[in-house]
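The structure file model.txt is reproduced below (compact mmCIF, C-alpha atoms).
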```
# COMPACT_ATOMS: atom_id res chain seq x y z
CA MET A 1 -72.48 -12.63 -8.77
CA ALA A 2 -71.97 -9.10 -9.75
CA SER A 3 -69.49 -7.37 -7.58
CA GLU A 4 -66.98 -4.68 -8.21
CA VAL A 5 -64.56 -5.61 -10.89
CA LEU A 6 -61.07 -5.54 -9.47
CA ALA A 7 -58.50 -3.46 -11.30
CA LYS A 8 -56.51 -5.58 -13.68
CA PRO A 9 -53.23 -6.36 -11.99
CA GLN A 10 -49.98 -5.38 -13.55
CA MET A 11 -48.98 -8.32 -15.73
CA ARG A 12 -46.32 -7.15 -18.09
CA GLY A 13 -43.05 -5.49 -17.67
CA LEU A 14 -42.64 -6.84 -14.12
CA LEU A 15 -39.07 -8.00 -14.48
CA ALA A 16 -38.09 -4.88 -16.35
CA ARG A 17 -39.55 -2.70 -13.64
CA ARG A 18 -37.85 -4.71 -10.90
CA LEU A 19 -34.55 -4.55 -12.74
CA ARG A 20 -34.82 -0.85 -13.32
CA ILE A 21 -35.51 -0.04 -9.68
CA HIS A 22 -32.89 -2.37 -8.30
CA MET A 23 -30.18 -1.47 -10.79
CA VAL A 24 -30.44 2.14 -9.71
CA GLY A 25 -30.51 0.99 -6.10
CA ALA A 26 -27.46 -1.24 -6.61
CA PHE A 27 -25.40 1.58 -8.04
CA LEU A 28 -26.44 3.89 -5.24
CA VAL A 29 -25.58 1.28 -2.61
CA SER A 30 -22.15 0.58 -4.07
CA LEU A 31 -21.35 4.27 -4.45
CA GLY A 32 -22.51 4.74 -0.90
CA VAL A 33 -20.19 2.00 0.33
CA ALA A 34 -17.28 3.60 -1.53
CA ALA A 35 -18.09 7.03 -0.14
CA LEU A 36 -18.43 5.59 3.35
CA TYR A 37 -15.00 3.96 3.09
CA LYS A 38 -13.42 7.09 1.69
CA PHE A 39 -14.77 9.40 4.36
CA ALA A 40 -14.55 7.06 7.31
CA VAL A 41 -11.13 5.52 6.63
CA ALA A 42 -9.11 7.20 3.89
CA GLU A 43 -9.63 10.88 4.69
CA PRO A 44 -9.11 10.50 8.48
CA ARG A 45 -5.89 8.59 7.76
CA LYS A 46 -4.56 11.37 5.55
CA LYS A 47 -5.61 13.94 8.12
CA ALA A 48 -3.87 11.98 10.88
CA TYR A 49 -0.61 12.02 8.92
CA ALA A 50 -0.97 15.74 8.18
CA ASP A 51 -1.71 16.52 11.83
CA PHE A 52 1.24 14.47 13.02
CA TYR A 53 3.69 16.27 10.81
CA LYS A 54 2.29 19.76 11.38
CA ASN A 55 4.07 20.42 14.65
CA TYR A 56 6.65 17.69 14.42
CA SER A 57 10.27 18.33 15.23
CA PRO A 58 12.54 15.49 14.17
CA GLU A 59 15.35 16.78 16.36
CA LYS A 60 13.18 16.74 19.48
CA ASP A 61 11.95 13.23 18.64
CA PHE A 62 15.54 12.16 18.14
CA GLU A 63 16.61 13.52 21.55
CA GLU A 64 13.75 11.68 23.22
CA MET A 65 14.66 8.44 21.45
CA LYS A 66 18.30 8.83 22.38
CA LYS A 67 17.32 9.32 26.01
CA ALA A 68 15.13 6.21 25.86
CA GLY A 69 18.19 4.24 24.82
CA ILE A 70 16.95 2.73 21.57
CA PHE A 71 20.00 3.55 19.54
CA ARG A 72 23.09 1.46 19.86
CA SER A 73 25.51 3.66 17.98
CA ILE A 74 25.06 6.73 20.16
CA LYS A 75 24.22 6.82 23.83
CA GLN B 1 3.24 -0.02 10.17
CA ASN B 2 3.03 3.70 9.83
CA ALA B 3 4.76 5.37 6.94
CA ALA B 4 8.09 6.99 7.60
CA SER B 5 8.89 8.20 4.12
CA PRO B 6 6.92 10.25 1.58
CA ILE B 7 6.77 7.34 -0.86
CA MET B 8 5.25 5.02 1.71
CA GLU B 9 2.61 7.62 2.51
CA GLU B 10 1.71 7.74 -1.17
CA LEU B 11 1.57 3.95 -1.29
CA ILE B 12 -0.76 3.82 1.70
CA ALA B 13 -3.04 6.44 0.12
CA PHE B 14 -3.08 4.50 -3.14
CA HIS B 15 -3.93 1.31 -1.28
CA ASP B 16 -6.89 3.10 0.31
CA HIS B 17 -8.00 4.26 -3.13
CA ALA B 18 -7.72 0.79 -4.68
CA LEU B 19 -9.46 -0.83 -1.70
CA MET B 20 -12.30 1.65 -2.00
CA ILE B 21 -12.77 0.62 -5.63
CA ILE B 22 -12.63 -3.05 -4.63
CA PHE B 23 -15.38 -2.50 -2.06
CA LEU B 24 -17.42 -0.63 -4.65
CA ILE B 25 -17.26 -3.46 -7.16
CA SER B 26 -17.74 -6.24 -4.61
CA SER B 27 -20.78 -4.63 -3.03
CA LEU B 28 -22.29 -4.10 -6.48
CA VAL B 29 -21.73 -7.74 -7.44
CA LEU B 30 -23.04 -9.01 -4.11
CA TYR B 31 -26.18 -6.92 -4.43
CA ILE B 32 -26.77 -8.16 -7.97
CA ILE B 33 -26.24 -11.79 -6.99
CA SER B 34 -28.76 -11.48 -4.18
CA LEU B 35 -31.11 -9.83 -6.63
CA MET B 36 -30.77 -12.72 -9.07
CA LEU B 37 -31.42 -15.28 -6.38
CA THR B 38 -34.57 -13.73 -4.99
CA THR B 39 -36.82 -13.43 -7.97
CA LYS B 40 -39.38 -15.66 -9.55
CA LEU B 41 -39.60 -13.56 -12.68
CA THR B 42 -37.69 -14.76 -15.70
CA HIS B 43 -36.97 -13.37 -19.09
CA THR B 44 -36.55 -16.01 -21.73
CA SER B 45 -36.39 -14.07 -24.93
CA THR B 46 -33.31 -11.95 -24.79
CA MET B 47 -32.03 -11.49 -28.28
CA ASN B 48 -30.38 -8.15 -28.40
CA ALA B 49 -28.44 -6.62 -25.56
CA GLN B 50 -26.43 -3.84 -27.16
CA GLU B 51 -26.99 -1.17 -24.54
CA ILE B 52 -26.04 -3.17 -21.51
CA GLU B 53 -23.04 -4.65 -23.26
CA MET B 54 -21.80 -1.14 -23.94
CA ILE B 55 -22.30 -0.18 -20.32
CA TRP B 56 -20.47 -3.11 -18.88
CA THR B 57 -17.54 -2.60 -21.20
CA ILE B 58 -17.11 1.13 -20.80
CA LEU B 59 -17.66 1.24 -17.04
CA PRO B 60 -14.88 -1.23 -16.09
CA ALA B 61 -12.56 0.51 -18.56
CA MET B 62 -13.15 3.78 -16.74
CA ILE B 63 -12.61 2.12 -13.37
CA LEU B 64 -9.33 0.62 -14.56
CA ILE B 65 -8.14 3.99 -15.79
CA MET B 66 -9.01 5.44 -12.38
CA ILE B 67 -6.79 2.80 -10.79
CA ALA B 68 -3.98 2.98 -13.31
CA LEU B 69 -3.30 6.72 -13.26
CA PRO B 70 -2.35 7.06 -9.57
CA SER B 71 -0.47 3.77 -9.81
CA LEU B 72 1.74 4.99 -12.65
CA ARG B 73 2.29 8.27 -10.86
CA ILE B 74 3.66 6.48 -7.82
CA LEU B 75 5.70 4.13 -9.97
CA TYR B 76 7.54 6.99 -11.60
CA MET B 77 7.87 8.73 -8.26
CA THR B 78 9.80 5.77 -6.87
CA ASP B 79 12.24 5.96 -9.75
CA GLU B 80 12.82 9.66 -9.28
CA PHE B 81 16.45 10.32 -8.77
CA ASN B 82 17.23 13.23 -6.44
CA LYS B 83 20.83 13.91 -5.65
CA PRO B 84 21.63 11.48 -2.86
CA TYR B 85 23.62 12.58 0.14
CA LEU B 86 25.02 9.18 0.85
CA THR B 87 25.44 5.86 -0.89
CA LEU B 88 25.03 2.60 0.94
CA LYS B 89 25.88 -0.75 -0.58
CA ALA B 90 23.87 -3.69 0.73
CA ILE B 91 25.17 -7.07 -0.37
CA GLY B 92 23.25 -10.21 0.43
CA HIS B 93 24.88 -13.44 1.50
CA GLN B 94 23.54 -16.66 2.85
CA TRP B 95 22.47 -15.71 5.46
CA TYR B 96 23.51 -12.19 6.38
CA TRP B 97 23.85 -8.77 4.85
CA SER B 98 27.09 -6.91 4.50
CA TYR B 99 27.02 -3.15 4.25
CA GLU B 100 29.62 -0.81 2.80
CA TYR B 101 29.81 2.93 3.09
CA SER B 102 32.51 4.04 0.71
CA ASP B 103 31.80 7.72 0.14
CA TYR B 104 34.19 9.34 2.56
CA GLU B 105 36.19 6.56 4.11
CA ASP B 106 35.87 2.85 3.58
CA LEU B 107 33.60 1.33 6.15
CA ALA B 108 32.25 -2.19 5.77
CA PHE B 109 30.63 -4.61 8.18
CA ASP B 110 28.49 -7.71 8.30
CA SER B 111 25.09 -7.75 9.90
CA TYR B 112 23.89 -11.11 11.23
CA ILE B 113 20.48 -11.80 12.66
CA MET B 114 20.42 -12.02 16.44
CA PRO B 115 19.56 -15.55 17.56
CA THR B 116 16.49 -15.74 19.76
CA TYR B 117 18.32 -16.85 22.88
CA PHE B 118 20.52 -13.75 22.80
CA LEU B 119 17.65 -11.27 22.75
CA GLU B 120 17.11 -8.84 25.62
CA PRO B 121 13.51 -8.28 26.77
CA GLY B 122 11.86 -5.68 24.57
CA GLU B 123 13.75 -6.62 21.43
CA PHE B 124 12.01 -8.00 18.36
CA ARG B 125 12.48 -11.67 17.56
CA LEU B 126 13.85 -12.35 14.06
CA LEU B 127 14.29 -8.63 13.43
CA GLU B 128 17.27 -7.68 15.58
CA VAL B 129 20.77 -7.80 14.18
CA ASP B 130 24.16 -7.59 15.76
CA ASN B 131 25.44 -4.59 13.77
CA ARG B 132 22.77 -2.11 12.85
CA THR B 133 22.94 0.02 9.72
CA THR B 134 22.88 3.69 10.66
CA LEU B 135 21.62 6.27 8.20
CA PRO B 136 20.96 10.01 8.44
CA MET B 137 17.33 11.08 8.60
CA GLU B 138 15.66 13.57 6.27
CA ALA B 139 18.33 12.86 3.65
CA ASP B 140 18.03 11.14 0.32
CA ILE B 141 20.14 8.04 0.41
CA ARG B 142 20.96 5.84 -2.52
CA VAL B 143 21.08 2.14 -1.67
CA LEU B 144 22.84 -0.14 -4.13
CA ILE B 145 21.69 -3.67 -3.63
CA SER B 146 23.33 -6.80 -4.92
CA SER B 147 24.02 -10.33 -3.87
CA GLN B 148 26.96 -12.63 -3.51
CA ASP B 149 25.30 -15.97 -4.00
CA VAL B 150 21.53 -16.40 -4.42
CA LEU B 151 18.56 -14.10 -4.85
CA HIS B 152 17.78 -12.04 -1.78
CA SER B 153 15.54 -9.06 -1.21
CA TRP B 154 16.25 -5.94 0.81
CA ALA B 155 13.14 -4.40 2.29
CA VAL B 156 12.20 -1.79 4.89
CA PRO B 157 8.39 -1.79 5.13
CA SER B 158 7.79 1.58 6.71
CA LEU B 159 10.05 3.34 4.21
CA GLY B 160 8.35 1.65 1.26
CA VAL B 161 11.50 -0.06 0.00
CA LYS B 162 11.71 -3.57 -1.32
CA THR B 163 14.30 -4.35 -3.93
CA ASP B 164 15.63 -7.69 -5.08
CA ALA B 165 19.29 -8.49 -4.58
CA ILE B 166 20.37 -10.35 -7.69
CA PRO B 167 23.86 -11.80 -8.09
CA GLY B 168 25.64 -10.07 -10.90
CA ARG B 169 23.27 -7.09 -10.96
CA LEU B 170 23.22 -3.82 -9.10
CA ASN B 171 19.80 -2.49 -8.17
CA GLN B 172 19.30 1.02 -6.92
CA ALA B 173 16.72 2.14 -4.37
CA MET B 174 16.19 5.60 -2.92
CA VAL B 175 15.55 5.84 0.79
CA ALA B 176 14.42 9.02 2.56
CA SER B 177 13.14 8.81 6.10
CA MET B 178 11.22 11.70 7.61
CA ARG B 179 11.51 10.62 11.23
CA PRO B 180 14.28 9.27 13.43
CA GLY B 181 13.76 5.75 14.67
CA LEU B 182 14.42 2.07 14.42
CA TYR B 183 13.12 0.57 11.17
```
This structure in structure tokens:
Amino acid sequence: MASEVLAKPQMRGLLARRLRIHMVGAFLVSLGVAALYKFAVAEPRKKAYADFYKNYSPEKDFEEMKKAGIFRSIK
Amino acid sequence: QNAASPIMEELIAFHDHALMIIFLISSLVLYIISLMLTTKLTHTSTMNAQEIEMIWTILPAMILIMIALPSLRILYMTDEFNKPYLTLKAIGHQWYWSYEYSDYEDLAFDSYIMPTYFLEPGEFRLLEVDNRTTLPMEADIRVLISSQDVLHSWAVPSLGVKTDAIPGRLNQAMVASMRPGLY
């Protein structure tokens, strides 16, 4: 029965093509995970430390701690 | 715990850096494993794999260098010797520490752990001692650590200090706290 001839399916190079696409994808995913960690955890942590120490007065903190009674050597 | 000394801050930042690299490598390996397990295609005639071998030798070498350089920087930073304001000697015994301040006048005392039944509410179990060691803040302090009998270790987590107390040997640690408090 004559009907349209289907296009010949891709037979060769399948694994190579799959590997190529997914290798690039794998690298992008892992770099994305690293970037996500860096910008969601590491940078906010550094910023939190910097913000804490920006307007920090150790003497004032010390007076508050002394008033709270934590130290045993000075009341 | 939060860092209370510049060295501990550096250590926490380095830990973040190393953990980021760990996540990078683990997610890559996990992805590749799932890729291997979900294919029906096979390749049975691999004879020559020069390019990929080069890649997976050079890439880990670069990653290791990225880990090693900050690590060495912090290592040398911990051994930096600024002029200390005060010297404290911490000597380990079984099972207490004795401290000596001998710069200006001789002061020495023993510091035993507070048994649990003596603790007031609000105090930390297994961390409280009867005589606390008092040190000035925002000052570089040299701590000389040794032991009388067996191996001990003197550590303050939030200041980033952990040094072994070895009988017959004097180890030096530098302590500099940026905030007042109980550590």
Considering only C-alpha atoms, can you say which of A:Lys38, A:Lys66, A:His22, A:Lys46 comes closest to B:Thr38?
A:His22
Contacts of chain B with chain A up to 9 Å, shortest pair per row, all atoms listed in the file, as JSON lines:
```
{"residue": "B:Ala3", "atom": "CA", "partner": "A:Tyr49", "partner_atom": "CA", "distance": 8.8}
{"residue": "B:Glu9", "atom": "CA", "partner": "A:Tyr49", "partner_atom": "CA", "distance": 8.4}
{"residue": "B:Ala13", "atom": "CA", "partner": "A:Ala42", "partner_atom": "CA", "distance": 7.2}
{"residue": "B:Asp16", "atom": "CA", "partner": "A:Ala42", "partner_atom": "CA", "distance": 5.9}
{"residue": "B:His17", "atom": "CA", "partner": "A:Ala42", "partner_atom": "CA", "distance": 7.7}
{"residue": "B:Leu19", "atom": "CA", "partner": "A:Tyr37", "partner_atom": "CA", "distance": 8.8}
{"residue": "B:Met20", "atom": "CA", "partner": "A:Ala34", "partner_atom": "CA", "distance": 5.4}
{"residue": "B:Ile21", "atom": "CA", "partner": "A:Ala34", "partner_atom": "CA", "distance": 6.8}
{"residue": "B:Ile22", "atom": "CA", "partner": "A:Ala34", "partner_atom": "CA", "distance": 8.7}
{"residue": "B:Phe23", "atom": "CA", "partner": "A:Ala34", "partner_atom": "CA", "distance": 6.4}
{"residue": "B:Leu24", "atom": "CA", "partner": "A:Ser30", "partner_atom": "CA", "distance": 4.9}
{"residue": "B:Ile25", "atom": "CA", "partner": "A:Ser30", "partner_atom": "CA", "distance": 7.1}
{"residue": "B:Ser26", "atom": "CA", "partner": "A:Ser30", "partner_atom": "CA", "distance": 8.1}
{"residue": "B:Ser27", "atom": "CA", "partner": "A:Ser30", "partner_atom": "CA", "distance": 5.5}
{"residue": "B:Leu28", "atom": "CA", "partner": "A:Ser30", "partner_atom": "CA", "distance": 5.3}
{"residue": "B:Val29", "atom": "CA", "partner": "A:Ala26", "partner_atom": "CA", "distance": 8.7}
{"residue": "B:Tyr31", "atom": "CA", "partner": "A:Ala26", "partner_atom": "CA", "distance": 6.2}
{"residue": "B:Ile32", "atom": "CA", "partner": "A:Ala26", "partner_atom": "CA", "distance": 7.1}
{"residue": "B:Leu35", "atom": "CA", "partner": "A:His22", "partner_atom": "CA", "distance": 7.8}
{"residue": "B:Thr39", "atom": "CA", "partner": "A:Leu15", "partner_atom": "CA", "distance": 8.8}
{"residue": "B:Leu41", "atom": "CA", "partner": "A:Leu15", "partner_atom": "CA", "distance": 5.9}
{"residue": "B:Thr42", "atom": "CA", "partner": "A:Leu15", "partner_atom": "CA", "distance": 7.0}
{"residue": "B:His43", "atom": "CA", "partner": "A:Leu15", "partner_atom": "CA", "distance": 7.4}
{"residue": "B:Asn131", "atom": "CA", "partner": "A:Arg72", "partner_atom": "CA", "distance": 8.9}
{"residue": "B:Arg132", "atom": "CA", "partner": "A:Arg72", "partner_atom": "CA", "distance": 7.9}
{"residue": "B:Thr134", "atom": "CA", "partner": "A:Ser73", "partner_atom": "CA", "distance": 7.8}
{"residue": "B:Met137", "atom": "CA", "partner": "A:Pro58", "partner_atom": "CA", "distance": 8.6}
{"residue": "B:Glu138", "atom": "CA", "partner": "A:Pro58", "partner_atom": "CA", "distance": 8.7}
{"residue": "B:Met178", "atom": "CA", "partner": "A:Pro58", "partner_atom": "CA", "distance": 7.7}
{"residue": "B:Arg179", "atom": "CA", "partner": "A:Pro58", "partner_atom": "CA", "distance": 5.8}
{"residue": "B:Pro180", "atom": "CA", "partner": "A:Phe62", "partner_atom": "CA", "distance": 5.7}
{"residue": "B:Gly181", "atom": "CA", "partner": "A:Met65", "partner_atom": "CA", "distance": 7.3}
{"residue": "B:Leu182", "atom": "CA", "partner": "A:Ile70", "partner_atom": "CA", "distance": 7.6}
```
How many Å lie between atom CA of B:Ala4 and atom CA of B:Phe109, rounded to one decimal?
25.4 Å
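Relative to atom CA of B:Val156, atom CA of B:Thr133 is found at 11.9 Å.
Our summary of the geometry notes that atom CA of B:Ser5 is positioned 14.0 Å from atom CA of B:Arg142.
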Set the distance at 6 Å and use all atoms listed in the file: which residues neighbour stretch 71-87 of chain B once local chain neighbours fewer than 4 positions away are removed? I'd like the list as a PyMOL selection string.
chain B and resi 140-143
Tell me, as a PyMOL selection string, which residues lie within 10 Å of B:Leu151, counting all atoms listed in the file; anything in the same chain fewer than 4 positions away does not count.
chain B and resi 92-94+146-147+164-167
Which residues, written as number ranges by chain, have at least one atom at most 8 Å from B:Phe14, with all atoms listed in the file counted and residues fewer than 4 positions away on the same chain left out?
B: 10, 18, 70-71
Would you mind completing stretch 9-20 of chain A so that it carries all heavy atoms, and writing it out as an mmCIF file, in the coordinates of the input?
```cif
data_model
loop_
_atom_site.group_PDB
_atom_site.id
_atom_site.type_symbol
_atom_site.label_atom_id
_atom_site.label_comp_id
_atom_site.auth_asym_id
_atom_site.auth_seq_id
_atom_site.Cartn_x
_atom_site.Cartn_y
_atom_site.Cartn_z
ATOM 1 N N PRO A 9 -54.566 -6.507 -12.580
ATOM 2 C CA PRO A 9 -53.230 -6.360 -11.990
ATOM 3 C C PRO A 9 -52.173 -6.158 -13.060
ATOM 4 O O PRO A 9 -52.378 -6.515 -14.226
ATOM 5 C CB PRO A 9 -53.013 -7.685 -11.263
ATOM 6 C CG PRO A 9 -53.904 -8.641 -11.951
ATOM 7 C CD PRO A 9 -55.077 -7.872 -12.445
ATOM 8 N N GLN A 10 -51.100 -5.614 -12.645
ATOM 9 C CA GLN A 10 -49.980 -5.380 -13.550
ATOM 10 C C GLN A 10 -49.436 -6.734 -13.991
ATOM 11 O O GLN A 10 -49.058 -7.569 -13.192
ATOM 12 C CB GLN A 10 -48.911 -4.581 -12.825
ATOM 13 C CG GLN A 10 -47.612 -4.414 -13.563
ATOM 14 C CD GLN A 10 -47.722 -3.391 -14.670
ATOM 15 O OE1 GLN A 10 -48.780 -2.831 -14.901
ATOM 16 N NE2 GLN A 10 -46.635 -3.174 -15.350
ATOM 17 N N MET A 11 -49.429 -6.999 -15.270
ATOM 18 C CA MET A 11 -48.980 -8.320 -15.730
ATOM 19 C C MET A 11 -47.703 -8.261 -16.530
ATOM 20 O O MET A 11 -46.971 -9.216 -16.556
ATOM 21 C CB MET A 11 -50.064 -8.930 -16.617
ATOM 22 C CG MET A 11 -51.234 -9.483 -15.873
ATOM 23 S SD MET A 11 -52.333 -10.175 -17.063
ATOM 24 C CE MET A 11 -53.628 -10.692 -16.016
ATOM 25 N N ARG A 12 -47.469 -7.172 -17.205
ATOM 26 C CA ARG A 12 -46.320 -7.150 -18.090
ATOM 27 C C ARG A 12 -45.247 -6.221 -17.564
ATOM 28 O O ARG A 12 -45.520 -5.367 -16.743
ATOM 29 C CB ARG A 12 -46.741 -6.640 -19.476
ATOM 30 C CG ARG A 12 -47.664 -7.594 -20.154
ATOM 31 C CD ARG A 12 -48.278 -6.920 -21.355
ATOM 32 N NE ARG A 12 -49.050 -7.917 -22.089
ATOM 33 C CZ ARG A 12 -48.538 -8.687 -23.021
ATOM 34 N NH1 ARG A 12 -47.282 -8.549 -23.369
ATOM 35 N NH2 ARG A 12 -49.277 -9.592 -23.634
ATOM 36 N N GLY A 13 -44.129 -6.418 -18.037
ATOM 37 C CA GLY A 13 -43.050 -5.490 -17.670
ATOM 38 C C GLY A 13 -42.628 -5.597 -16.224
ATOM 39 O O GLY A 13 -42.003 -4.690 -15.696
ATOM 40 N N LEU A 14 -42.978 -6.733 -15.546
ATOM 41 C CA LEU A 14 -42.640 -6.840 -14.120
ATOM 42 C C LEU A 14 -41.148 -6.926 -13.907
ATOM 43 O O LEU A 14 -40.575 -6.231 -13.079
ATOM 44 C CB LEU A 14 -43.328 -8.068 -13.511
ATOM 45 C CG LEU A 14 -44.801 -7.897 -13.208
ATOM 46 C CD1 LEU A 14 -45.451 -9.232 -12.952
ATOM 47 C CD2 LEU A 14 -44.975 -7.002 -12.009
ATOM 48 N N LEU A 15 -40.521 -7.826 -14.669
ATOM 49 C CA LEU A 15 -39.070 -8.000 -14.480
ATOM 50 C C LEU A 15 -38.342 -6.728 -14.851
ATOM 51 O O LEU A 15 -37.418 -6.302 -14.160
ATOM 52 C CB LEU A 15 -38.572 -9.184 -15.324
ATOM 53 C CG LEU A 15 -37.081 -9.452 -15.149
ATOM 54 C CD1 LEU A 15 -36.758 -9.770 -13.714
ATOM 55 C CD2 LEU A 15 -36.639 -10.583 -16.033
ATOM 56 N N ALA A 16 -38.783 -6.101 -15.920
ATOM 57 C CA ALA A 16 -38.090 -4.880 -16.350
ATOM 58 C C ALA A 16 -38.188 -3.810 -15.279
ATOM 59 O O ALA A 16 -37.218 -3.119 -14.978
ATOM 60 C CB ALA A 16 -38.699 -4.387 -17.669
ATOM 61 N N ARG A 17 -39.395 -3.715 -14.673
ATOM 62 C CA ARG A 17 -39.550 -2.700 -13.640
ATOM 63 C C ARG A 17 -38.670 -3.016 -12.441
ATOM 64 O O ARG A 17 -38.004 -2.161 -11.867
ATOM 65 C CB ARG A 17 -41.010 -2.625 -13.221
ATOM 66 C CG ARG A 17 -41.326 -1.319 -12.523
ATOM 67 C CD ARG A 17 -42.722 -1.315 -12.020
ATOM 68 N NE ARG A 17 -42.718 -1.891 -10.678
ATOM 69 C CZ ARG A 17 -43.790 -2.387 -10.063
ATOM 70 N NH1 ARG A 17 -44.934 -2.406 -10.663
ATOM 71 N NH2 ARG A 17 -43.692 -2.873 -8.867
ATOM 72 N N ARG A 18 -38.661 -4.317 -12.049
ATOM 73 C CA ARG A 18 -37.850 -4.710 -10.900
ATOM 74 C C ARG A 18 -36.383 -4.406 -11.167
ATOM 75 O O ARG A 18 -35.669 -3.870 -10.331
ATOM 76 C CB ARG A 18 -38.039 -6.203 -10.653
ATOM 77 C CG ARG A 18 -37.202 -6.730 -9.527
ATOM 78 C CD ARG A 18 -37.444 -8.222 -9.341
ATOM 79 N NE ARG A 18 -37.182 -8.589 -7.958
ATOM 80 C CZ ARG A 18 -36.080 -9.186 -7.538
ATOM 81 N NH1 ARG A 18 -35.142 -9.480 -8.381
ATOM 82 N NH2 ARG A 18 -35.909 -9.472 -6.275
ATOM 83 N N LEU A 19 -35.958 -4.780 -12.385
ATOM 84 C CA LEU A 19 -34.550 -4.550 -12.740
ATOM 85 C C LEU A 19 -34.213 -3.079 -12.684
ATOM 86 O O LEU A 19 -33.184 -2.687 -12.154
ATOM 87 C CB LEU A 19 -34.276 -5.060 -14.145
ATOM 88 C CG LEU A 19 -33.847 -6.503 -14.279
ATOM 89 C CD1 LEU A 19 -33.501 -6.804 -15.711
ATOM 90 C CD2 LEU A 19 -32.638 -6.774 -13.404
ATOM 91 N N ARG A 20 -35.108 -2.272 -13.264
ATOM 92 C CA ARG A 20 -34.820 -0.850 -13.320
ATOM 93 C C ARG A 20 -34.635 -0.282 -11.921
ATOM 94 O O ARG A 20 -33.658 0.410 -11.630
ATOM 95 C CB ARG A 20 -35.948 -0.118 -14.038
ATOM 96 C CG ARG A 20 -35.482 1.046 -14.857
ATOM 97 C CD ARG A 20 -36.604 1.648 -15.637
ATOM 98 N NE ARG A 20 -37.493 0.613 -16.169
ATOM 99 C CZ ARG A 20 -38.815 0.732 -16.249
ATOM 100 N NH1 ARG A 20 -39.402 1.812 -15.861
ATOM 101 N NH2 ARG A 20 -39.548 -0.247 -16.729
#
```
